[in-house]
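A.B. asks: I am sharing protein36.txt, which consists of compact mmCIF, C-alpha atoms:
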```
# COMPACT_ATOMS: atom_id res chain seq x y z
CA MET A 1 -19.91 25.86 7.80
CA MET A 2 -19.95 29.65 8.06
CA ALA A 3 -22.85 31.61 6.60
CA THR A 4 -20.90 34.67 5.49
CA THR A 5 -17.35 35.55 4.54
CA THR A 6 -15.32 36.69 7.48
CA MET A 7 -11.84 37.85 8.33
CA MET A 8 -9.52 36.17 10.78
CA GLU A 9 -6.22 37.31 12.15
CA CYS A 10 -3.07 35.54 11.11
CA PRO A 11 -1.30 34.25 14.26
CA VAL A 12 2.09 34.84 12.67
CA CYS A 13 1.91 38.34 11.22
CA ALA A 14 -1.45 39.59 12.57
CA GLY A 15 -2.55 40.23 9.01
CA ASP A 16 -6.09 39.68 7.79
CA VAL A 17 -6.98 36.27 6.37
CA ASP A 18 -10.14 36.05 4.34
CA ILE A 19 -12.25 33.01 5.23
CA SER A 20 -14.73 31.83 2.60
CA PRO A 21 -18.22 30.59 3.55
CA ASP A 22 -17.40 26.95 2.77
CA THR A 23 -14.38 26.83 5.08
CA VAL A 24 -14.39 23.87 7.45
CA VAL A 25 -12.55 23.15 10.68
CA ASN A 26 -8.99 21.79 10.19
CA GLU A 27 -8.81 23.27 6.72
CA LEU A 28 -5.44 24.60 5.58
CA LEU A 29 -5.11 28.17 4.38
CA ASP A 30 -2.29 30.46 3.36
CA CYS A 31 -1.90 33.90 4.82
CA GLY A 32 -1.88 36.30 1.92
CA GLU A 33 0.48 38.68 3.71
CA CYS A 34 3.20 36.51 5.23
CA SER A 35 2.54 33.27 3.26
CA SER A 36 2.43 31.21 6.43
CA GLU A 37 0.45 27.99 6.19
CA LEU A 38 -2.39 28.15 8.68
CA GLU A 39 -5.02 25.78 9.99
CA VAL A 40 -8.57 26.72 10.92
CA VAL A 41 -8.88 25.30 14.43
CA SER A 42 -12.26 26.83 15.20
CA LEU A 43 -15.05 28.56 13.32
CA ASP A 44 -17.07 29.68 16.29
CA PRO A 45 -15.23 31.61 17.54
CA PRO A 46 -13.05 31.90 14.44
CA ARG A 47 -9.42 31.02 15.20
CA LEU A 48 -6.33 30.19 13.20
CA GLU A 49 -3.11 28.50 14.19
CA GLU A 50 0.05 27.72 12.30
CA ALA A 51 -0.37 24.48 10.40
CA PRO A 52 1.42 21.45 11.82
CA GLU A 53 5.00 20.93 10.68
CA VAL A 54 5.61 18.23 8.10
CA ALA A 55 6.70 15.11 9.96
CA GLU A 56 9.07 12.44 8.71
CA ASP A 57 6.31 9.99 7.90
CA TRP A 58 4.07 12.44 6.11
CA GLY A 59 3.27 11.69 2.52
CA GLU A 60 0.84 10.19 0.10
CA MET B 1 -29.12 11.42 10.19
CA SER B 2 -31.16 8.69 8.54
CA LYS B 3 -30.86 5.26 10.20
CA THR B 4 -30.32 3.71 6.79
CA SER B 5 -27.57 6.09 5.73
CA PHE B 6 -24.14 4.68 4.95
CA ARG B 7 -21.68 6.40 7.27
CA VAL B 8 -18.27 7.01 5.78
CA ALA B 9 -15.51 8.38 7.94
CA LEU B 10 -12.94 10.49 6.13
CA LEU B 11 -9.89 10.10 8.33
CA HIS B 12 -7.62 13.11 8.00
CA SER B 13 -4.79 14.98 9.66
CA VAL B 14 -5.56 18.32 8.04
CA VAL B 15 -8.23 19.21 5.54
CA ARG B 16 -6.64 20.02 2.22
CA ARG B 17 -8.31 20.71 -1.09
CA GLU B 18 -8.45 16.99 -1.85
CA GLU B 19 -10.31 16.23 1.37
CA LYS B 20 -12.80 19.00 0.64
CA LEU B 21 -13.42 17.67 -2.85
CA LEU B 22 -13.87 14.12 -1.53
CA THR B 23 -16.24 15.29 1.19
CA SER B 24 -18.30 17.18 -1.33
CA ALA B 25 -18.43 14.20 -3.69
CA LEU B 26 -19.45 11.82 -0.90
CA ASP B 27 -22.12 14.20 0.31
CA ASP B 28 -23.59 14.23 -3.18
CA ILE B 29 -24.20 10.46 -3.06
CA PRO B 30 -27.72 9.73 -1.81
CA GLY B 31 -27.74 7.74 1.38
CA VAL B 32 -24.11 8.46 2.23
CA ASP B 33 -23.23 10.43 5.29
CA CYS B 34 -19.62 11.62 5.31
CA VAL B 35 -18.02 12.43 8.66
CA LEU B 36 -14.63 14.09 9.01
CA VAL B 37 -12.49 12.35 11.63
CA ASP B 38 -9.35 14.11 12.80
CA ASP B 39 -6.66 11.52 13.53
CA ARG B 40 -5.17 13.88 16.10
CA LYS B 41 -8.31 13.51 18.18
CA LEU B 42 -9.00 9.84 17.47
CA VAL B 43 -8.85 7.48 20.44
CA VAL B 44 -9.61 3.82 19.85
CA ASP B 45 -10.24 1.10 22.38
CA PRO B 46 -9.31 -2.05 20.45
CA ALA B 47 -11.23 -4.24 22.88
CA ARG B 48 -14.42 -2.35 22.21
CA GLY B 49 -13.73 -1.71 18.57
CA HIS B 50 -14.67 1.45 16.75
CA ALA B 51 -17.77 0.53 14.81
CA ASP B 52 -19.43 3.90 14.44
CA PHE B 53 -18.86 3.87 10.68
CA ASP B 54 -19.65 1.60 7.79
CA ALA B 55 -16.47 2.47 5.93
CA VAL B 56 -13.37 4.57 6.28
CA LEU B 57 -11.65 6.58 3.61
CA ALA B 58 -8.19 6.85 5.11
CA ARG B 59 -6.67 10.17 4.14
CA SER B 60 -4.41 10.77 7.09
CA VAL B 61 -1.26 12.49 5.85
CA SER B 62 0.80 10.49 8.36
CA SER B 63 1.60 7.09 6.88
CA SER B 64 2.13 5.48 10.27
CA ARG B 65 -1.19 6.74 11.61
CA ASN B 66 -2.89 5.65 8.43
CA VAL B 67 -1.72 2.06 8.70
CA SER B 68 -2.41 1.72 12.42
CA ALA B 69 -5.82 3.33 12.17
CA ARG B 70 -6.80 1.04 9.33
CA HIS B 71 -5.84 -2.03 11.33
CA LEU B 72 -7.92 -0.80 14.24
CA PHE B 73 -10.94 -0.04 12.11
CA GLU B 74 -10.69 -3.35 10.25
CA ALA B 75 -10.47 -5.20 13.55
CA ALA B 76 -13.81 -3.63 14.40
CA GLY B 77 -15.31 -4.85 11.13
CA VAL B 78 -15.12 -1.55 9.29
CA ARG B 79 -14.02 -1.67 5.69
CA CYS B 80 -11.17 0.66 4.86
CA PHE B 81 -10.17 2.20 1.55
CA ASN B 82 -7.51 1.19 0.89
CA PRO B 83 -7.12 -1.84 3.23
CA ALA B 84 -4.34 -1.88 5.78
CA SER B 85 -2.59 -4.66 3.85
CA VAL B 86 -2.37 -2.46 0.77
CA ALA B 87 -1.17 0.53 2.76
CA GLU B 88 1.58 -1.56 4.33
CA ILE B 89 2.86 -2.61 0.93
CA CYS B 90 2.71 0.88 -0.52
CA ASN B 91 4.34 2.49 2.51
CA ASP B 92 7.38 0.25 2.39
CA LYS B 93 9.57 0.45 -0.72
CA ILE B 94 11.01 -3.03 -0.18
CA ARG B 95 7.55 -4.58 -0.03
CA THR B 96 6.46 -2.52 -3.00
CA SER B 97 9.46 -3.70 -5.00
CA LEU B 98 8.76 -7.31 -4.08
CA ALA B 99 5.16 -6.92 -5.22
CA LEU B 100 6.28 -5.43 -8.53
CA ILE B 101 8.83 -8.21 -9.04
CA ARG B 102 6.21 -10.87 -8.32
CA ALA B 103 3.88 -9.24 -10.83
CA ARG B 104 6.73 -9.13 -13.37
CA VAL B 105 6.54 -5.36 -13.70
CA ARG B 106 9.84 -4.02 -14.99
CA HIS B 107 11.68 -2.40 -12.15
CA PRO B 108 14.97 -0.51 -11.75
CA GLU B 109 17.84 -2.69 -10.62
CA LEU B 110 17.64 -2.91 -6.87
CA ARG B 111 19.83 -3.90 -3.96
CA VAL B 112 19.05 -3.83 -0.26
CA ALA B 113 21.83 -3.79 2.33
CA PHE B 114 22.02 -3.39 6.09
CA THR B 115 25.43 -1.88 6.76
CA GLU B 116 27.45 0.97 5.28
CA ASP B 117 30.15 -1.40 4.06
CA SER B 118 27.82 -3.83 2.33
CA ALA B 119 25.83 -0.96 0.85
CA LEU B 120 29.00 0.55 -0.60
CA GLU B 121 29.99 -2.79 -2.08
CA ALA B 122 26.58 -3.09 -3.68
CA MET B 123 26.76 0.40 -5.13
CA GLU B 124 30.20 -0.28 -6.61
CA GLU B 125 28.86 -3.42 -8.16
CA MET B 126 25.80 -1.67 -9.60
CA SER B 127 27.88 1.15 -11.09
CA TYR B 128 27.02 4.79 -10.64
CA PRO B 129 24.83 6.74 -10.53
CA VAL B 130 22.94 4.97 -7.76
CA VAL B 131 19.93 6.35 -5.93
CA LEU B 132 19.54 5.91 -2.19
CA LYS B 133 16.04 6.05 -0.78
CA PRO B 134 14.62 5.66 2.71
CA VAL B 135 12.54 2.50 2.88
CA VAL B 136 9.65 4.50 4.32
CA GLY B 137 9.19 8.02 3.06
CA SER B 138 7.36 10.21 0.61
CA TRP B 139 7.43 13.48 -1.25
CA GLY B 140 11.00 12.90 -2.37
CA ARG B 141 12.42 13.44 1.09
CA LEU B 142 15.95 12.23 1.78
CA ILE B 143 16.36 10.70 -1.66
CA ALA B 144 19.94 11.08 -2.80
CA ARG B 145 21.93 10.25 -5.90
CA ALA B 146 25.48 8.99 -5.61
CA THR B 147 27.54 9.64 -8.71
CA ASP B 148 30.85 8.11 -7.61
CA THR B 149 32.56 6.36 -4.72
CA ASP B 150 33.28 9.57 -2.81
CA SER B 151 29.70 10.79 -2.87
CA ALA B 152 28.47 7.29 -2.04
CA ARG B 153 30.69 7.13 1.04
CA SER B 154 29.52 10.56 2.19
CA LEU B 155 25.85 9.77 1.73
CA LEU B 156 26.15 6.44 3.53
CA GLU B 157 27.94 8.13 6.41
CA HIS B 158 25.22 10.72 6.70
CA LYS B 159 22.48 8.10 6.58
CA ALA B 160 24.20 6.07 9.27
CA ALA B 161 24.24 9.14 11.48
CA LEU B 162 20.49 9.69 11.22
CA PRO B 163 18.74 8.61 14.42
CA SER B 164 15.89 6.56 12.96
CA PHE B 165 16.71 2.88 12.47
CA GLN B 166 14.78 3.03 9.21
CA HIS B 167 17.65 4.95 7.65
CA HIS B 168 19.98 2.07 8.42
CA ILE B 169 18.35 -0.14 5.82
CA TYR B 170 19.90 0.85 2.53
CA TYR B 171 17.53 0.74 -0.42
CA LEU B 172 19.61 1.23 -3.54
CA GLN B 173 18.40 1.58 -7.09
CA ARG B 174 20.22 2.07 -10.33
CA TYR B 175 19.53 5.57 -11.55
CA VAL B 176 17.20 5.71 -14.54
CA GLU B 177 17.52 8.75 -16.77
CA LYS B 178 14.00 9.99 -17.39
CA ASN B 179 14.69 13.41 -18.87
CA GLY B 180 12.90 15.34 -16.16
CA ARG B 181 9.56 13.57 -16.27
CA ASP B 182 7.75 10.52 -14.97
CA ILE B 183 4.28 9.05 -15.22
CA ARG B 184 2.02 8.12 -12.37
CA SER B 185 -1.11 6.08 -13.06
CA PHE B 186 -4.17 5.43 -10.94
CA VAL B 187 -5.98 2.11 -10.77
CA VAL B 188 -9.42 1.56 -9.28
CA GLY B 189 -10.56 -2.03 -9.22
CA GLU B 190 -9.52 -3.46 -12.58
CA GLN B 191 -9.37 -0.23 -14.49
CA CYS B 192 -6.62 2.30 -15.00
CA ILE B 193 -8.75 5.39 -14.69
CA ALA B 194 -6.20 8.16 -15.14
CA ALA B 195 -2.56 9.05 -15.37
CA ILE B 196 -0.45 12.14 -14.87
CA VAL B 197 2.92 13.10 -16.19
CA ARG B 198 5.10 15.05 -13.78
CA VAL B 199 7.70 17.37 -15.24
CA GLY B 200 10.32 19.19 -13.23
CA SER B 201 13.84 20.56 -13.27
CA ASP B 202 14.90 18.44 -10.28
CA TRP B 203 15.82 14.84 -11.02
CA ARG B 204 13.32 13.98 -8.30
CA THR B 205 10.05 14.61 -10.09
CA ASN B 206 7.82 14.76 -7.04
CA THR B 207 5.26 17.56 -7.11
CA ALA B 208 6.41 18.28 -3.57
CA ARG B 209 9.78 19.06 -5.16
CA GLY B 210 8.27 21.49 -7.62
CA ALA B 211 7.36 19.20 -10.49
CA VAL B 212 4.22 20.15 -12.36
CA ALA B 213 1.59 17.54 -13.08
CA ALA B 214 -0.35 17.36 -16.31
CA SER B 215 -2.88 14.93 -17.67
CA CYS B 216 -1.41 11.91 -19.43
CA PRO B 217 -3.44 9.79 -21.87
CA VAL B 218 -3.97 6.24 -20.70
CA THR B 219 -2.59 4.21 -23.57
CA PRO B 220 -3.14 0.42 -23.83
CA GLU B 221 0.53 -0.10 -22.94
CA LEU B 222 0.31 2.12 -19.89
CA ALA B 223 -2.91 0.46 -18.76
CA ALA B 224 -1.41 -3.01 -19.20
CA ILE B 225 1.61 -2.16 -17.05
CA SER B 226 -0.56 -0.48 -14.42
CA LEU B 227 -2.92 -3.43 -14.16
CA ARG B 228 -0.25 -6.07 -14.03
CA GLY B 229 0.22 -5.58 -10.32
CA PRO B 230 -3.23 -5.37 -8.78
CA CYS B 231 -5.10 -7.33 -11.46
CA ARG B 232 -3.23 -10.60 -11.64
CA ARG B 233 -5.30 -13.74 -11.99
CA ARG B 234 -7.30 -14.20 -8.83
CA ARG B 235 -4.95 -15.91 -6.44
CA HIS B 236 -5.53 -18.48 -3.77
CA PRO B 237 -4.14 -17.32 -0.42
CA ARG B 238 -1.38 -19.95 -0.77
CA GLY B 239 -0.12 -18.29 -3.90
CA ARG B 240 -1.55 -20.48 -6.65
CA SER B 241 -4.29 -19.36 -9.00
CA VAL B 242 -7.81 -20.63 -8.40
CA ARG B 243 -7.68 -22.63 -11.63
CA ASP B 244 -4.39 -24.24 -10.61
CA ARG B 245 -5.77 -25.09 -7.19
CA ARG B 246 -8.77 -26.81 -8.74
CA ARG B 247 -6.57 -28.78 -11.09
CA LEU B 248 -4.28 -29.80 -8.27
CA SER B 249 -7.25 -30.77 -6.15
CA ARG B 250 -8.55 -33.04 -8.93
CA GLU B 251 -5.14 -34.64 -9.36
CA ARG B 252 -4.79 -35.14 -5.64
CA SER B 253 -8.20 -36.77 -5.53
CA GLN B 254 -7.24 -39.11 -8.36
CA ARG B 255 -3.98 -39.95 -6.65
CA HIS B 256 -5.91 -40.59 -3.46
CA ASP B 257 -8.23 -42.97 -5.27
CA GLY B 258 -5.23 -44.71 -6.79
CA VAL B 259 -3.54 -45.06 -3.42
CA GLN B 260 -6.73 -46.33 -1.89
CA GLU B 261 -6.89 -48.91 -4.66
CA GLN B 262 -3.32 -49.96 -3.92
CA HIS B 263 -4.10 -50.27 -0.24
CA ARG B 264 -7.08 -52.46 -0.99
CA ALA B 265 -4.93 -54.67 -3.21
CA HIS B 266 -2.27 -54.96 -0.54
CA ARG B 267 -4.77 -55.89 2.11
CA TYR B 268 -6.35 -58.44 -0.24
CA ARG B 269 -2.99 -60.10 -0.83
CA TYR B 270 -1.33 -59.92 2.57
CA SER B 271 -3.89 -59.48 5.32
CA ARG B 272 -5.63 -62.36 7.13
CA SER B 273 -9.02 -61.11 5.98
CA GLY B 274 -7.68 -60.74 2.45
CA ARG B 275 -6.39 -64.31 2.40
CA ALA B 276 -9.71 -65.54 3.71
CA LEU B 277 -11.49 -63.63 1.02
CA ARG B 278 -9.22 -65.13 -1.67
CA ARG B 279 -9.91 -68.63 -0.39
CA ARG B 280 -13.65 -68.08 -0.48
CA ARG B 281 -13.48 -66.67 -3.97
CA ALA B 282 -11.26 -69.49 -5.16
CA ALA B 283 -13.68 -71.98 -3.72
CA SER B 284 -16.58 -70.33 -5.50
CA GLY B 285 -14.66 -69.90 -8.76
CA GLN B 286 -14.51 -66.08 -8.67
CA SER B 287 -11.43 -64.13 -9.84
CA GLY B 288 -9.87 -61.78 -7.30
CA LEU B 289 -7.85 -58.64 -7.57
CA THR B 290 -4.92 -59.06 -9.88
CA THR B 291 -2.56 -56.66 -8.12
```
Represent the structure contained in this file as structure tokens.
C.D. replies:
Amino acid sequence: MMATTTMMECPVCAGDVDISPDTVVNELLDCGECSSELEVVSLDPPRLEEAPEVAEDWGE
Amino acid sequence: MSKTSFRVALLHSVVRREEKLLTSALDDIPGVDCVLVDDRKLVVDPARGHADFDAVLARSVSSSRNVSARHLFEAAGVRCFNPASVAEICNDKIRTSLALIRARVRHPELRVAFTEDSALEAMEEMSYPVVLKPVVGSWGRLIARATDTDSARSLLEHKAALPSFQHHIYYLQRYVEKNGRDIRSFVVGEQCIAAIVRVGSDWRTNTARGAVAASCPVTPELAAISLRGPCRRRRHPRGRSVRDRRRLSRERSQRHDGVQEQHRAHRYRYSRSGRALRRRRAASGQSGLTT
């Protein structure tokens, strides 16, 4: 986990995404500016990617 | 990591709020070590097995990956929650319906067909509205409601054109008017621990479709219905209850003794050794078998 709050760049709109200290790898986040669903793919270095698309067999 | 810690793998596709809450709860249990396992990075050698964990909490969002991964882990001796057998039933609406019917849980009228023509016949027979659902699917995806013959024909034509073979099995249910809400209950072991009511403007009351969930009190009636499926009398693998199997075993044993007695009587009367025995007994004044 990260020790301090940090900002990451949204890969879709280049806006700032606030990452809380308890964020973990593979966690889903929403970009506050463009509302894209993002996934934290790395914390060190911090990196975001667009979240995977919903597939036909996704569900609960 | 302590050597005596209980390692639980939380299998996931992405980490959502639920996975974070589960991880946090598991980490709070003394002696439990929770490890996040991304199913996108998981590679399993079935011959070797994958025995790095004591248990798996399967939270992969992909139903197909969930089922396959559970089989692989179980083959390596790792206990999965829920087991692969349960996931297979819950993933497949036909198997789910069969389980509900066996447990005598009231169920919307159902037909299953394998061609457009037979599906249309079934829908005409059931009377509209009829709901078409993919046999495998979730979140309300591709669920459609046919209100008359024209819409039924159109929907069946569209389903037939979909590439996946799974859409060519037609799971048809009579539409049940529920006034924009449904209830979903949760069973752990032999207890209905919670229930939610989902309310929405769409006739499909999935939260993925915008329905809002709220807490629902677990009434005795709700609990009884919820437990009817998973908490039937403990069943022998051949389908009979344990008590029935014991009774049948006793009866079989008694029949066996009776048959054995008949065989002894037959041998006594008709076999050479039996005749010899009768002669000796007659000579000594003893009575023999009467049968």
A.B. asks: Please identify all residues of chain B having at least one atom at most 6 Å from any atom of chain A, considering only C-alpha atoms, and return them as a CSV table (one decimal) with C-alpha atoms, in the coordinates of the input.
C.D. replies:
```
chain,number,residue,atom,x,y,z
B,14,VAL,CA,-5.6,18.3,8.0
B,15,VAL,CA,-8.2,19.2,5.5
B,16,ARG,CA,-6.6,20.0,2.2
B,61,VAL,CA,-1.3,12.5,5.8
B,62,SER,CA,0.8,10.5,8.4
B,63,SER,CA,1.6,7.1,6.9
B,137,GLY,CA,9.2,8.0,3.1
B,138,SER,CA,7.4,10.2,0.6
B,139,TRP,CA,7.4,13.5,-1.2
```
A.B. asks: Could you check which of B:Leu110, B:Val136, B:Val218, B:Ile143 is closest to Arg174 (chain B), using all atoms listed in the file?
C.D. replies: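 With all atoms listed in the file as the atom set, the closest residue is B:Leu110.
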A.B. asks: Select, from A:Val12, A:Val17, A:Thr6, A:Leu48, the residue with the minimum atom-to-atom distance to Ser36 (chain A), counting only C-alpha atoms.
C.D. replies: A:Val12
A.B. asks: CA of Ala9 (chain B) and CA of Arg70 (chain B), how far apart in Å?
C.D. replies: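 The value is 11.5 Å.
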A.B. asks: Considering all atoms listed in the file, return as a VMD selection string whatever protein or nucleic-acid residues lie within 9 Å of Cys10 (chain A), sequence-local ones (same chain, fewer than 6 positions apart) excluded.
C.D. replies: chain A and resid 16 to 17 31 33 to 34 36 38 47 to 50
A.B. asks: The selected residues should be written to file as a compact mmCIF listing (two decimals), in the frame of the given file (atoms: C-alpha atoms).
C.D. replies:
```txt
# COMPACT_ATOMS: atom_id res chain seq x y z
CA ASP A 16 -6.09 39.68 7.79
CA VAL A 17 -6.98 36.27 6.37
CA CYS A 31 -1.90 33.90 4.82
CA GLU A 33 0.48 38.68 3.71
CA CYS A 34 3.20 36.51 5.23
CA SER A 36 2.43 31.21 6.43
CA LEU A 38 -2.39 28.15 8.68
CA ARG A 47 -9.42 31.02 15.20
CA LEU A 48 -6.33 30.19 13.20
CA GLU A 49 -3.11 28.50 14.19
CA GLU A 50 0.05 27.72 12.30
```
A.B. asks: I'd like the contact shell of Tyr171 (chain B) - 7 Å cut-off, only C-alpha atoms, skipping same-chain residues fewer than 6 positions apart - returned as a short mmCIF file (atom, residue, chain, number, x, y, z; two decimals) with C-alpha atoms, in the coordinates of the input.
C.D. replies:
```
data_model
loop_
_atom_site.label_atom_id
_atom_site.label_comp_id
_atom_site.auth_asym_id
_atom_site.auth_seq_id
_atom_site.Cartn_x
_atom_site.Cartn_y
_atom_site.Cartn_z
CA ARG B 111 19.83 -3.90 -3.96
CA VAL B 112 19.05 -3.83 -0.26
CA ALA B 113 21.83 -3.79 2.33
CA LEU B 132 19.54 5.91 -2.19
CA LYS B 133 16.04 6.05 -0.78
CA PRO B 134 14.62 5.66 2.71
CA VAL B 135 12.54 2.50 2.88
#
```
A.B. asks: Any idea what the distance is between CA of Ala122 (chain B) and CA of Ser97 (chain B)?
C.D. replies: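 It comes out at 17.2 Å.
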A.B. asks: Around the point (-6.6, 1.8, 4.7) in the file's coordinates, collect all residues with an atom within 7 Å, using only C-alpha atoms, and return them as a PDB file with C-alpha atoms, keeping the file's coordinate frame.
C.D. replies:
```
ATOM      1  CA  ALA B  58      -8.190   6.850   5.110  1.00  0.00           C
ATOM      2  CA  ASN B  66      -2.890   5.650   8.430  1.00  0.00           C
ATOM      3  CA  VAL B  67      -1.720   2.060   8.700  1.00  0.00           C
ATOM      4  CA  ARG B  70      -6.800   1.040   9.330  1.00  0.00           C
ATOM      5  CA  CYS B  80     -11.170   0.660   4.860  1.00  0.00           C
ATOM      6  CA  PHE B  81     -10.170   2.200   1.550  1.00  0.00           C
ATOM      7  CA  ASN B  82      -7.510   1.190   0.890  1.00  0.00           C
ATOM      8  CA  PRO B  83      -7.120  -1.840   3.230  1.00  0.00           C
ATOM      9  CA  ALA B  84      -4.340  -1.880   5.780  1.00  0.00           C
ATOM     10  CA  ALA B  87      -1.170   0.530   2.760  1.00  0.00           C
TER      11      ALA B  87
END
```
A.B. asks: Would you kindly return, as a PDB file with C-alpha atoms, keeping the file's coordinate frame, each protein, DNA or RNA residue with an atom no farther than 8 Å from any atom of Val35 (chain B), considering only C-alpha atoms and excluding same-chain residues fewer than 3 positions away?
C.D. replies:
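Contents of the output file selection.pdb:
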```pdb
ATOM      1  CA  ARG B   7     -21.680   6.400   7.270  1.00  0.00           C
ATOM      2  CA  VAL B   8     -18.270   7.010   5.780  1.00  0.00           C
ATOM      3  CA  ALA B   9     -15.510   8.380   7.940  1.00  0.00           C
ATOM      4  CA  LEU B  10     -12.940  10.490   6.130  1.00  0.00           C
TER       5      LEU B  10
END
```
A.B. asks: Would you compute the distance between CA of Ala119 (chain B) and CA of Pro163 (chain B)? Give it in Å to one decimal.
C.D. replies: 18.1 Å
A.B. asks: Using all atoms listed in the file, find all polymer residues with an atom at most 12 Å away from the point (32.4, 7.4, -2.2); report them as an mmCIF file with C-alpha atoms, keeping the file's coordinate frame.
C.D. replies:
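Below is the file point-v1.cif, written as the result:
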```cif
data_model
loop_
_atom_site.group_PDB
_atom_site.id
_atom_site.type_symbol
_atom_site.label_atom_id
_atom_site.label_comp_id
_atom_site.auth_asym_id
_atom_site.auth_seq_id
_atom_site.Cartn_x
_atom_site.Cartn_y
_atom_site.Cartn_z
ATOM 1 C CA GLU B 116 27.450 0.970 5.280
ATOM 2 C CA ASP B 117 30.150 -1.400 4.060
ATOM 3 C CA ALA B 119 25.830 -0.960 0.850
ATOM 4 C CA LEU B 120 29.000 0.550 -0.600
ATOM 5 C CA GLU B 121 29.990 -2.790 -2.080
ATOM 6 C CA MET B 123 26.760 0.400 -5.130
ATOM 7 C CA GLU B 124 30.200 -0.280 -6.610
ATOM 8 C CA SER B 127 27.880 1.150 -11.090
ATOM 9 C CA TYR B 128 27.020 4.790 -10.640
ATOM 10 C CA PRO B 129 24.830 6.740 -10.530
ATOM 11 C CA VAL B 130 22.940 4.970 -7.760
ATOM 12 C CA ARG B 145 21.930 10.250 -5.900
ATOM 13 C CA ALA B 146 25.480 8.990 -5.610
ATOM 14 C CA THR B 147 27.540 9.640 -8.710
ATOM 15 C CA ASP B 148 30.850 8.110 -7.610
ATOM 16 C CA THR B 149 32.560 6.360 -4.720
ATOM 17 C CA ASP B 150 33.280 9.570 -2.810
ATOM 18 C CA SER B 151 29.700 10.790 -2.870
ATOM 19 C CA ALA B 152 28.470 7.290 -2.040
ATOM 20 C CA ARG B 153 30.690 7.130 1.040
ATOM 21 C CA SER B 154 29.520 10.560 2.190
ATOM 22 C CA LEU B 155 25.850 9.770 1.730
ATOM 23 C CA LEU B 156 26.150 6.440 3.530
ATOM 24 C CA GLU B 157 27.940 8.130 6.410
ATOM 25 C CA HIS B 158 25.220 10.720 6.700
#
```
A.B. asks: All heavy atoms for region 19-23 of chain B, written as a short mmCIF file (atom, residue, chain, number, x, y, z; two decimals), keeping the file's coordinate frame, could you do that?
C.D. replies:
```cif
data_model
loop_
_atom_site.label_atom_id
_atom_site.label_comp_id
_atom_site.auth_asym_id
_atom_site.auth_seq_id
_atom_site.Cartn_x
_atom_site.Cartn_y
_atom_site.Cartn_z
N GLU B 19 -9.32 16.70 0.39
CA GLU B 19 -10.31 16.23 1.37
C GLU B 19 -11.64 16.97 1.19
O GLU B 19 -12.71 16.38 1.33
CB GLU B 19 -9.78 16.42 2.80
CG GLU B 19 -8.80 15.34 3.25
CD GLU B 19 -7.43 15.49 2.62
OE1 GLU B 19 -6.92 16.61 2.55
OE2 GLU B 19 -6.86 14.44 2.21
N LYS B 20 -11.56 18.25 0.85
CA LYS B 20 -12.80 19.00 0.64
C LYS B 20 -13.53 18.48 -0.59
O LYS B 20 -14.75 18.32 -0.57
CB LYS B 20 -12.49 20.49 0.47
CG LYS B 20 -12.12 21.19 1.76
CD LYS B 20 -12.17 22.69 1.63
CE LYS B 20 -13.60 23.20 1.68
NZ LYS B 20 -13.66 24.67 1.77
N LEU B 21 -12.79 18.19 -1.65
CA LEU B 21 -13.42 17.67 -2.85
C LEU B 21 -14.05 16.30 -2.59
O LEU B 21 -15.16 16.01 -3.05
CB LEU B 21 -12.38 17.56 -3.97
CG LEU B 21 -11.88 18.90 -4.56
CD1 LEU B 21 -10.69 18.66 -5.47
CD2 LEU B 21 -13.00 19.62 -5.29
N LEU B 22 -13.34 15.46 -1.84
CA LEU B 22 -13.87 14.12 -1.53
C LEU B 22 -15.12 14.22 -0.67
O LEU B 22 -16.10 13.51 -0.89
CB LEU B 22 -12.81 13.29 -0.81
CG LEU B 22 -11.66 12.78 -1.68
CD1 LEU B 22 -10.51 12.29 -0.82
CD2 LEU B 22 -12.16 11.65 -2.58
N THR B 23 -15.07 15.11 0.32
CA THR B 23 -16.24 15.29 1.19
C THR B 23 -17.44 15.73 0.38
O THR B 23 -18.56 15.22 0.55
CB THR B 23 -15.93 16.33 2.29
OG1 THR B 23 -14.74 15.96 2.98
CG2 THR B 23 -17.07 16.44 3.26
#
```
